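The file protein33.cif contains mmCIF, N, CA and C atoms:
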```cif
data_structure
#
loop_
_atom_site.label_atom_id
_atom_site.label_comp_id
_atom_site.auth_asym_id
_atom_site.auth_seq_id
_atom_site.Cartn_x
_atom_site.Cartn_y
_atom_site.Cartn_z
N MET A 30 6.99 -15.55 -11.53
CA MET A 30 7.04 -14.19 -12.00
C MET A 30 7.24 -13.27 -10.79
N ILE A 31 8.06 -12.27 -10.95
CA ILE A 31 8.35 -11.34 -9.86
C ILE A 31 8.40 -9.92 -10.44
N TRP A 32 7.89 -8.97 -9.70
CA TRP A 32 8.04 -7.57 -10.09
C TRP A 32 8.09 -6.72 -8.84
N SER A 33 8.55 -5.51 -9.01
CA SER A 33 8.68 -4.61 -7.87
C SER A 33 8.09 -3.25 -8.21
N TYR A 34 7.82 -2.48 -7.17
CA TYR A 34 7.38 -1.11 -7.36
C TYR A 34 7.78 -0.30 -6.15
N ARG A 35 7.87 0.99 -6.35
CA ARG A 35 8.07 1.94 -5.24
C ARG A 35 6.85 2.83 -5.20
N ALA A 36 6.32 3.06 -4.01
CA ALA A 36 5.09 3.83 -3.87
C ALA A 36 5.25 5.25 -4.41
N VAL A 37 6.44 5.78 -4.36
CA VAL A 37 6.66 7.14 -4.84
C VAL A 37 6.46 7.22 -6.36
N ASN A 38 6.60 6.12 -7.07
CA ASN A 38 6.45 6.11 -8.52
C ASN A 38 5.05 5.78 -9.00
N ASN A 39 4.17 5.35 -8.12
CA ASN A 39 2.81 5.00 -8.49
C ASN A 39 1.86 5.98 -7.81
N ARG A 40 1.07 6.67 -8.62
CA ARG A 40 0.21 7.74 -8.11
C ARG A 40 -0.79 7.26 -7.05
N ILE A 41 -1.43 6.13 -7.28
CA ILE A 41 -2.44 5.62 -6.35
C ILE A 41 -1.80 5.19 -5.03
N ALA A 42 -0.69 4.47 -5.11
CA ALA A 42 0.00 4.03 -3.88
C ALA A 42 0.51 5.23 -3.10
N ARG A 43 1.02 6.22 -3.81
CA ARG A 43 1.54 7.43 -3.14
C ARG A 43 0.41 8.14 -2.40
N LYS A 44 -0.76 8.26 -3.03
CA LYS A 44 -1.90 8.91 -2.37
C LYS A 44 -2.32 8.14 -1.12
N LYS A 45 -2.29 6.81 -1.20
CA LYS A 45 -2.68 5.98 -0.06
C LYS A 45 -1.77 6.21 1.14
N TRP A 46 -0.45 6.21 0.90
CA TRP A 46 0.50 6.37 2.01
C TRP A 46 0.50 7.79 2.56
N ILE A 47 0.33 8.78 1.69
CA ILE A 47 0.27 10.16 2.17
C ILE A 47 -1.01 10.39 2.97
N ALA A 48 -2.11 9.80 2.54
CA ALA A 48 -3.37 9.91 3.30
C ALA A 48 -3.22 9.29 4.68
N LEU A 49 -2.57 8.13 4.76
CA LEU A 49 -2.35 7.50 6.06
C LEU A 49 -1.51 8.41 6.97
N SER A 50 -0.48 9.02 6.39
CA SER A 50 0.37 9.91 7.18
C SER A 50 -0.40 11.14 7.67
N LEU A 51 -1.24 11.69 6.82
CA LEU A 51 -2.04 12.85 7.22
C LEU A 51 -3.05 12.49 8.32
N ILE A 52 -3.59 11.28 8.25
CA ILE A 52 -4.50 10.83 9.31
C ILE A 52 -3.74 10.70 10.63
N LEU A 53 -2.53 10.16 10.57
CA LEU A 53 -1.72 10.06 11.79
C LEU A 53 -1.40 11.44 12.38
N VAL A 54 -1.07 12.41 11.52
CA VAL A 54 -0.79 13.77 11.99
C VAL A 54 -2.04 14.38 12.59
N ALA A 55 -3.19 14.17 11.97
CA ALA A 55 -4.45 14.71 12.52
C ALA A 55 -4.75 14.11 13.89
N LEU A 56 -4.52 12.80 14.04
CA LEU A 56 -4.73 12.17 15.34
C LEU A 56 -3.77 12.73 16.38
N GLY A 57 -2.53 12.95 15.99
CA GLY A 57 -1.55 13.56 16.89
C GLY A 57 -1.95 14.96 17.29
N LEU A 58 -2.48 15.72 16.35
CA LEU A 58 -2.94 17.08 16.63
C LEU A 58 -4.13 17.07 17.60
N LEU A 59 -5.05 16.15 17.39
CA LEU A 59 -6.19 16.03 18.31
C LEU A 59 -5.73 15.66 19.71
N TYR A 60 -4.79 14.72 19.80
CA TYR A 60 -4.28 14.32 21.11
C TYR A 60 -3.55 15.49 21.78
N THR A 61 -2.79 16.25 21.01
CA THR A 61 -2.07 17.40 21.58
C THR A 61 -3.05 18.45 22.08
N ALA A 62 -4.10 18.71 21.32
CA ALA A 62 -5.11 19.67 21.77
C ALA A 62 -5.78 19.19 23.04
N TYR A 63 -6.09 17.91 23.10
CA TYR A 63 -6.70 17.33 24.30
C TYR A 63 -5.75 17.46 25.50
N ARG A 64 -4.47 17.15 25.26
CA ARG A 64 -3.49 17.21 26.35
C ARG A 64 -3.30 18.65 26.86
N ILE A 65 -3.26 19.61 25.95
CA ILE A 65 -3.12 21.01 26.35
C ILE A 65 -4.35 21.45 27.14
N ASN A 66 -5.51 20.99 26.70
CA ASN A 66 -6.77 21.34 27.38
C ASN A 66 -6.84 20.77 28.79
N THR A 67 -6.39 19.54 28.96
CA THR A 67 -6.56 18.89 30.26
C THR A 67 -5.41 19.15 31.23
N THR A 68 -4.19 19.28 30.73
CA THR A 68 -3.06 19.41 31.66
C THR A 68 -2.44 20.80 31.68
N SER A 69 -2.74 21.62 30.74
CA SER A 69 -2.19 22.98 30.63
C SER A 69 -0.66 22.99 30.48
N LYS A 70 -0.09 21.93 29.95
CA LYS A 70 1.35 21.87 29.70
C LYS A 70 1.59 22.15 28.22
N LEU A 71 1.63 23.41 27.89
CA LEU A 71 1.74 23.83 26.50
C LEU A 71 3.09 23.43 25.90
N PHE A 72 4.19 23.76 26.56
CA PHE A 72 5.52 23.52 26.00
C PHE A 72 5.79 22.04 25.78
N SER A 73 5.55 21.23 26.80
CA SER A 73 5.84 19.79 26.66
C SER A 73 4.92 19.14 25.62
N SER A 74 3.67 19.57 25.56
CA SER A 74 2.73 19.01 24.57
C SER A 74 3.18 19.35 23.15
N LEU A 75 3.59 20.58 22.94
CA LEU A 75 4.04 20.97 21.60
C LEU A 75 5.36 20.28 21.23
N ALA A 76 6.23 20.08 22.22
CA ALA A 76 7.49 19.38 21.96
C ALA A 76 7.22 17.92 21.55
N ILE A 77 6.32 17.28 22.25
CA ILE A 77 5.96 15.89 21.92
C ILE A 77 5.31 15.83 20.54
N PHE A 78 4.45 16.78 20.23
CA PHE A 78 3.80 16.82 18.93
C PHE A 78 4.82 17.03 17.81
N THR A 79 5.80 17.88 18.06
CA THR A 79 6.85 18.11 17.06
C THR A 79 7.65 16.84 16.81
N LEU A 80 8.00 16.13 17.87
CA LEU A 80 8.70 14.85 17.69
C LEU A 80 7.84 13.84 16.94
N PHE A 81 6.56 13.83 17.27
CA PHE A 81 5.63 12.90 16.60
C PHE A 81 5.54 13.21 15.11
N ILE A 82 5.42 14.48 14.75
CA ILE A 82 5.35 14.86 13.34
C ILE A 82 6.65 14.49 12.63
N THR A 83 7.78 14.68 13.28
CA THR A 83 9.06 14.31 12.68
C THR A 83 9.11 12.81 12.40
N MET A 84 8.65 12.01 13.34
CA MET A 84 8.64 10.55 13.15
C MET A 84 7.69 10.14 12.02
N VAL A 85 6.53 10.76 11.96
CA VAL A 85 5.58 10.44 10.89
C VAL A 85 6.17 10.84 9.54
N PHE A 86 6.84 11.99 9.48
CA PHE A 86 7.47 12.44 8.25
C PHE A 86 8.56 11.46 7.80
N LEU A 87 9.40 11.02 8.71
CA LEU A 87 10.44 10.05 8.37
C LEU A 87 9.84 8.72 7.94
N TYR A 88 8.79 8.29 8.64
CA TYR A 88 8.09 7.05 8.28
C TYR A 88 7.53 7.16 6.86
N THR A 89 6.96 8.31 6.53
CA THR A 89 6.40 8.50 5.20
C THR A 89 7.49 8.46 4.14
N LEU A 90 8.61 9.12 4.38
CA LEU A 90 9.71 9.09 3.41
C LEU A 90 10.23 7.68 3.18
N ILE A 91 10.41 6.94 4.27
CA ILE A 91 10.91 5.57 4.15
C ILE A 91 9.90 4.69 3.42
N THR A 92 8.63 4.85 3.77
CA THR A 92 7.58 4.04 3.17
C THR A 92 7.43 4.32 1.68
N LEU A 93 7.50 5.58 1.30
CA LEU A 93 7.36 5.92 -0.12
C LEU A 93 8.54 5.44 -0.94
N GLY A 94 9.72 5.43 -0.36
CA GLY A 94 10.91 5.06 -1.11
C GLY A 94 11.26 3.59 -1.10
N ARG A 95 10.63 2.83 -0.22
CA ARG A 95 10.97 1.41 -0.10
C ARG A 95 10.51 0.61 -1.31
N VAL A 96 11.34 -0.28 -1.77
CA VAL A 96 10.98 -1.15 -2.89
C VAL A 96 10.18 -2.32 -2.34
N ARG A 97 9.04 -2.59 -2.98
CA ARG A 97 8.18 -3.70 -2.58
C ARG A 97 8.15 -4.72 -3.72
N TYR A 98 8.09 -5.99 -3.36
CA TYR A 98 8.14 -7.05 -4.34
C TYR A 98 6.86 -7.88 -4.30
N TYR A 99 6.36 -8.22 -5.48
CA TYR A 99 5.25 -9.15 -5.65
C TYR A 99 5.80 -10.40 -6.33
N PHE A 100 5.25 -11.56 -5.95
CA PHE A 100 5.63 -12.83 -6.56
C PHE A 100 4.37 -13.54 -7.00
N ILE A 101 4.45 -14.23 -8.12
CA ILE A 101 3.41 -15.18 -8.49
C ILE A 101 4.10 -16.51 -8.57
N GLU A 102 3.79 -17.37 -7.60
CA GLU A 102 4.40 -18.70 -7.52
C GLU A 102 3.30 -19.74 -7.42
N GLU A 103 3.33 -20.70 -8.30
CA GLU A 103 2.37 -21.80 -8.32
C GLU A 103 0.95 -21.25 -8.27
N ASN A 104 0.26 -21.41 -7.14
CA ASN A 104 -1.14 -20.99 -7.04
C ASN A 104 -1.32 -19.74 -6.21
N PHE A 105 -0.28 -18.97 -5.96
CA PHE A 105 -0.38 -17.84 -5.05
C PHE A 105 0.18 -16.56 -5.67
N ILE A 106 -0.45 -15.45 -5.30
CA ILE A 106 0.11 -14.12 -5.51
C ILE A 106 0.57 -13.67 -4.14
N ILE A 107 1.86 -13.36 -4.01
CA ILE A 107 2.44 -13.08 -2.70
C ILE A 107 3.00 -11.67 -2.67
N TYR A 108 2.60 -10.94 -1.67
CA TYR A 108 3.19 -9.65 -1.32
C TYR A 108 3.37 -9.73 0.18
N LYS A 109 4.59 -10.07 0.59
CA LYS A 109 4.83 -10.42 1.99
C LYS A 109 4.34 -9.34 2.91
N PRO A 110 3.60 -9.69 3.92
CA PRO A 110 3.18 -10.99 4.43
C PRO A 110 1.84 -11.47 3.88
N PHE A 111 1.31 -10.80 2.86
CA PHE A 111 0.00 -11.15 2.33
C PHE A 111 0.12 -12.18 1.24
N LYS A 112 -0.93 -13.03 1.14
CA LYS A 112 -0.91 -14.13 0.19
C LYS A 112 -2.34 -14.37 -0.28
N THR A 113 -2.52 -14.55 -1.58
CA THR A 113 -3.84 -14.82 -2.14
C THR A 113 -3.74 -16.01 -3.08
N LYS A 114 -4.65 -16.96 -2.90
CA LYS A 114 -4.72 -18.07 -3.84
C LYS A 114 -5.35 -17.59 -5.13
N ILE A 115 -4.82 -18.06 -6.23
CA ILE A 115 -5.36 -17.66 -7.53
C ILE A 115 -6.79 -18.17 -7.71
N GLU A 116 -7.11 -19.31 -7.08
CA GLU A 116 -8.46 -19.85 -7.16
C GLU A 116 -9.48 -18.95 -6.47
N ASP A 117 -9.03 -18.13 -5.51
CA ASP A 117 -9.94 -17.24 -4.79
C ASP A 117 -10.28 -15.97 -5.56
N ILE A 118 -9.60 -15.74 -6.68
CA ILE A 118 -9.84 -14.53 -7.47
C ILE A 118 -11.00 -14.78 -8.43
N VAL A 119 -12.01 -13.93 -8.33
CA VAL A 119 -13.18 -14.03 -9.20
C VAL A 119 -12.98 -13.19 -10.46
N GLY A 120 -12.42 -12.02 -10.29
CA GLY A 120 -12.20 -11.12 -11.42
C GLY A 120 -11.21 -10.04 -11.03
N TYR A 121 -11.05 -9.07 -11.91
CA TYR A 121 -10.11 -7.99 -11.63
C TYR A 121 -10.50 -6.76 -12.44
N GLU A 122 -10.04 -5.62 -11.98
CA GLU A 122 -10.21 -4.35 -12.70
C GLU A 122 -8.82 -3.80 -12.96
N ALA A 123 -8.52 -3.56 -14.22
CA ALA A 123 -7.21 -3.04 -14.58
C ALA A 123 -7.32 -1.55 -14.92
N ASP A 124 -6.47 -0.75 -14.31
CA ASP A 124 -6.41 0.68 -14.57
C ASP A 124 -5.06 0.97 -15.25
N ARG A 125 -5.08 1.09 -16.57
CA ARG A 125 -3.84 1.27 -17.33
C ARG A 125 -3.19 2.63 -17.07
N ASN A 126 -3.98 3.64 -16.83
CA ASN A 126 -3.42 4.98 -16.59
C ASN A 126 -2.61 5.04 -15.31
N ASN A 127 -3.09 4.37 -14.26
CA ASN A 127 -2.43 4.40 -12.95
C ASN A 127 -1.59 3.17 -12.67
N LEU A 128 -1.56 2.22 -13.60
CA LEU A 128 -0.80 0.97 -13.45
C LEU A 128 -1.19 0.23 -12.17
N VAL A 129 -2.49 -0.03 -12.03
CA VAL A 129 -3.02 -0.71 -10.86
C VAL A 129 -4.00 -1.78 -11.31
N ILE A 130 -3.93 -2.95 -10.67
CA ILE A 130 -4.92 -4.01 -10.89
C ILE A 130 -5.56 -4.30 -9.54
N LYS A 131 -6.88 -4.14 -9.47
CA LYS A 131 -7.63 -4.46 -8.24
C LYS A 131 -8.28 -5.82 -8.43
N LEU A 132 -7.99 -6.72 -7.51
CA LEU A 132 -8.50 -8.08 -7.57
C LEU A 132 -9.82 -8.18 -6.83
N ARG A 133 -10.78 -8.91 -7.42
CA ARG A 133 -12.05 -9.21 -6.73
C ARG A 133 -11.95 -10.65 -6.24
N LEU A 134 -12.18 -10.84 -4.95
CA LEU A 134 -12.04 -12.15 -4.34
C LEU A 134 -13.40 -12.77 -4.04
N LYS A 135 -13.44 -14.11 -3.96
CA LYS A 135 -14.67 -14.80 -3.60
C LYS A 135 -15.13 -14.39 -2.21
N LYS A 136 -14.21 -14.48 -1.26
CA LYS A 136 -14.48 -14.09 0.12
C LYS A 136 -13.47 -13.02 0.51
N PRO A 137 -13.93 -11.86 0.95
CA PRO A 137 -12.96 -10.84 1.38
C PRO A 137 -12.17 -11.32 2.59
N LYS A 138 -10.86 -11.20 2.52
CA LYS A 138 -9.99 -11.61 3.61
C LYS A 138 -9.13 -10.43 4.02
N ILE A 139 -8.73 -10.42 5.29
CA ILE A 139 -7.92 -9.32 5.80
C ILE A 139 -6.50 -9.40 5.25
N PHE A 140 -5.92 -10.59 5.26
CA PHE A 140 -4.52 -10.75 4.86
C PHE A 140 -4.38 -11.29 3.44
N ALA A 141 -5.18 -10.74 2.53
CA ALA A 141 -5.09 -11.14 1.13
C ALA A 141 -4.54 -9.99 0.30
N VAL A 142 -3.89 -10.33 -0.79
CA VAL A 142 -3.44 -9.30 -1.74
C VAL A 142 -4.67 -8.87 -2.53
N LYS A 143 -5.02 -7.59 -2.43
CA LYS A 143 -6.22 -7.10 -3.10
C LYS A 143 -5.90 -6.14 -4.24
N THR A 144 -4.74 -5.51 -4.18
CA THR A 144 -4.36 -4.54 -5.20
C THR A 144 -2.92 -4.78 -5.62
N LEU A 145 -2.69 -4.77 -6.92
CA LEU A 145 -1.36 -4.95 -7.47
C LEU A 145 -0.92 -3.61 -8.07
N TYR A 146 0.21 -3.11 -7.60
CA TYR A 146 0.76 -1.84 -8.09
C TYR A 146 1.98 -2.11 -8.97
N PHE A 147 2.22 -1.21 -9.93
CA PHE A 147 3.33 -1.39 -10.86
C PHE A 147 4.04 -0.07 -11.09
N ASP A 148 5.34 -0.17 -11.44
CA ASP A 148 6.13 0.97 -11.88
C ASP A 148 6.23 1.00 -13.40
N LYS A 149 6.36 -0.19 -13.99
CA LYS A 149 6.64 -0.30 -15.42
C LYS A 149 5.45 -0.90 -16.16
N GLU A 150 5.18 -0.35 -17.32
CA GLU A 150 4.06 -0.83 -18.13
C GLU A 150 4.27 -2.26 -18.62
N GLU A 151 5.52 -2.64 -18.88
CA GLU A 151 5.79 -4.00 -19.37
C GLU A 151 5.38 -5.03 -18.33
N GLU A 152 5.71 -4.78 -17.06
CA GLU A 152 5.34 -5.70 -15.99
C GLU A 152 3.82 -5.73 -15.82
N PHE A 153 3.18 -4.57 -15.93
CA PHE A 153 1.72 -4.49 -15.84
C PHE A 153 1.08 -5.36 -16.93
N GLU A 154 1.54 -5.22 -18.16
CA GLU A 154 0.99 -6.00 -19.28
C GLU A 154 1.24 -7.49 -19.10
N GLU A 155 2.41 -7.86 -18.59
CA GLU A 155 2.73 -9.27 -18.38
C GLU A 155 1.80 -9.90 -17.34
N VAL A 156 1.56 -9.21 -16.24
CA VAL A 156 0.66 -9.73 -15.21
C VAL A 156 -0.78 -9.74 -15.72
N LEU A 157 -1.16 -8.74 -16.49
CA LEU A 157 -2.50 -8.71 -17.07
C LEU A 157 -2.72 -9.90 -18.00
N ARG A 158 -1.71 -10.21 -18.84
CA ARG A 158 -1.81 -11.39 -19.71
C ARG A 158 -1.92 -12.67 -18.88
N PHE A 159 -1.15 -12.75 -17.78
CA PHE A 159 -1.20 -13.92 -16.91
C PHE A 159 -2.60 -14.09 -16.32
N LEU A 160 -3.17 -12.99 -15.81
CA LEU A 160 -4.50 -13.06 -15.21
C LEU A 160 -5.57 -13.43 -16.24
N LYS A 161 -5.46 -12.91 -17.45
CA LYS A 161 -6.41 -13.27 -18.51
C LYS A 161 -6.30 -14.75 -18.84
N ARG A 162 -5.07 -15.26 -18.90
CA ARG A 162 -4.86 -16.66 -19.22
C ARG A 162 -5.41 -17.57 -18.11
N VAL A 163 -5.16 -17.20 -16.86
CA VAL A 163 -5.57 -18.05 -15.73
C VAL A 163 -7.06 -17.94 -15.44
N LEU A 164 -7.60 -16.74 -15.49
CA LEU A 164 -9.00 -16.53 -15.11
C LEU A 164 -9.95 -16.62 -16.31
N GLY A 165 -9.42 -16.56 -17.49
CA GLY A 165 -10.24 -16.70 -18.68
C GLY A 165 -10.81 -15.44 -19.22
#
```
Turn the structure described in the file into structure tokens.
Amino acid sequence: MIWSYRAVNNRIARKKWIALSLILVALGLLYTAYRINTTSKLFSSLAIFTLFITMVFLYTLITLGRVRYYFIEENFIIYKPFKTKIEDIVGYEADRNNLVIKLRLKKPKIFAVKTLYFDKEEEFEEVLRFLKRVLG
């Protein structure tokens, strides 16, 4: 089974990526303030900050628009480079309004698929039926 989603079409994924971008901008702003305070180079610091904000903005646009693919093959749920064994899933929480399934794992892992995002309700229902069948 394979499905795809774009973060711009899913409210929860969009909030996650925009929050990450805002955190990066805040860190850049803090660094710029620190640099202005310590070196007194106002023009170069603001120029670097402007370039940094431009890069973060472009990164956010690309990230929100990129198509991401999930696969369910044999015993794994794969979202490259993350992989989760179906046996490691204890349960799940399905949010029909936001088209999100959050997986509960036996042992929390860093490189595991923990959240499944969807664009289409049909794909969401199909994966939900699969999880009900496999997990009981």
>> Translate the PyMOL selection byres ((chain A and resi 94) around 8) into a concrete residue list for this structure, as a PyMOL selection string.
In response: chain A and resi 34-38+88-93+95-97
> Among segment 41-145 of chain A, which residues carry a DSSP assignment of alpha helix (DSSP H), reported as a VMD selection string?
Replying inline: chain A and resid 41 to 68 71 to 94
> Which residues, written as a PyMOL selection string, have at least one atom at most 12 Å from segment 113-124 of chain A, with only C-alpha atoms counted and residues fewer than 4 positions away on the same chain left out?
Replying inline: chain A and resi 39-41+99-109+128-147+150+153-154+156-165
>> One decimal, in Å: what's the spacing between atom CA of Lys70 of chain A and atom CA of Leu51 of chain A?
In response: 24.5 Å
> So which residues of segment 38-108 of chain A fall under strand (DSSP E) by DSSP, listed as an MDAnalysis selection string?
Replying inline: chainID A and resid 96:102 105:108
>> For a test of reading the model, state the distance in Å between atom CA of Val54 of chain A and atom CA of Val85 of chain A, rounded to one decimal.
In response: 7.3 Å
>> As an exercise, work out the distance from atom CA of Ala42 of chain A to atom CA of Leu58 of chain A in Å and give it to one decimal place.
In response: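 The value is 24.5 Å.
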> Within 10 Å of (-0.9, 12.3, 13.3), in the coordinates the file gives, what residues turn up when you count only C-alpha atoms, written out as a list in words?
Replying inline: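 Neighbouring residues, ordered by chain and number, come to Leu49, Ser50, Leu51, Ile52, Leu53, Val54, Ala55, Leu56, Gly57, Leu58, Leu59, Tyr60, Thr61, Phe78, Phe81, Ile82, Met84, Val85 and Phe86 of chain A.
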Is it possible to get the axis-aligned box enclosing segment 40-56 of chain A (all listed atoms, 5 Å extra per side) as JSON, with centre and edge lengths in Å rounded to one decimal?
```
{"center_x": -1.6, "center_y": 9.4, "center_z": 3.9, "size_x": 16.3, "size_y": 20.7, "size_z": 35.0}
```
Could I see segment 60-73 of chain A restored to N, CA, C and O atoms, set down as a tab-separated table (two decimals), keeping the file's coordinate frame?
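What ended up in out04.tsv:
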```tsv
chain	number	residue	atom	x	y	z
A	60	TYR	N	-4.79	14.72	19.80
A	60	TYR	CA	-4.28	14.32	21.11
A	60	TYR	C	-3.55	15.49	21.78
A	60	TYR	O	-3.69	15.69	22.99
A	61	THR	N	-2.79	16.25	21.01
A	61	THR	CA	-2.07	17.40	21.58
A	61	THR	C	-3.05	18.45	22.08
A	61	THR	O	-2.86	19.01	23.18
A	62	ALA	N	-4.10	18.71	21.32
A	62	ALA	CA	-5.11	19.67	21.77
A	62	ALA	C	-5.78	19.19	23.04
A	62	ALA	O	-6.01	19.97	23.98
A	63	TYR	N	-6.09	17.91	23.10
A	63	TYR	CA	-6.70	17.33	24.30
A	63	TYR	C	-5.75	17.46	25.50
A	63	TYR	O	-6.16	17.83	26.60
A	64	ARG	N	-4.47	17.15	25.26
A	64	ARG	CA	-3.49	17.21	26.35
A	64	ARG	C	-3.30	18.65	26.86
A	64	ARG	O	-3.19	18.89	28.06
A	65	ILE	N	-3.26	19.61	25.95
A	65	ILE	CA	-3.12	21.01	26.35
A	65	ILE	C	-4.35	21.45	27.14
A	65	ILE	O	-4.25	22.16	28.14
A	66	ASN	N	-5.51	20.99	26.70
A	66	ASN	CA	-6.77	21.34	27.38
A	66	ASN	C	-6.84	20.77	28.79
A	66	ASN	O	-7.32	21.43	29.71
A	67	THR	N	-6.39	19.54	28.96
A	67	THR	CA	-6.56	18.89	30.26
A	67	THR	C	-5.41	19.15	31.23
A	67	THR	O	-5.64	19.23	32.43
A	68	THR	N	-4.19	19.28	30.73
A	68	THR	CA	-3.06	19.41	31.66
A	68	THR	C	-2.44	20.80	31.68
A	68	THR	O	-1.63	21.08	32.56
A	69	SER	N	-2.74	21.62	30.74
A	69	SER	CA	-2.19	22.98	30.63
A	69	SER	C	-0.66	22.99	30.48
A	69	SER	O	-0.01	23.97	30.85
A	70	LYS	N	-0.09	21.93	29.95
A	70	LYS	CA	1.35	21.87	29.70
A	70	LYS	C	1.59	22.15	28.22
A	70	LYS	O	1.75	21.25	27.41
A	71	LEU	N	1.63	23.41	27.89
A	71	LEU	CA	1.74	23.83	26.50
A	71	LEU	C	3.09	23.43	25.90
A	71	LEU	O	3.13	22.80	24.83
A	72	PHE	N	4.19	23.76	26.56
A	72	PHE	CA	5.52	23.52	26.00
A	72	PHE	C	5.79	22.04	25.78
A	72	PHE	O	6.23	21.62	24.71
A	73	SER	N	5.55	21.23	26.80
A	73	SER	CA	5.84	19.79	26.66
A	73	SER	C	4.92	19.14	25.62
A	73	SER	O	5.34	18.26	24.87
```
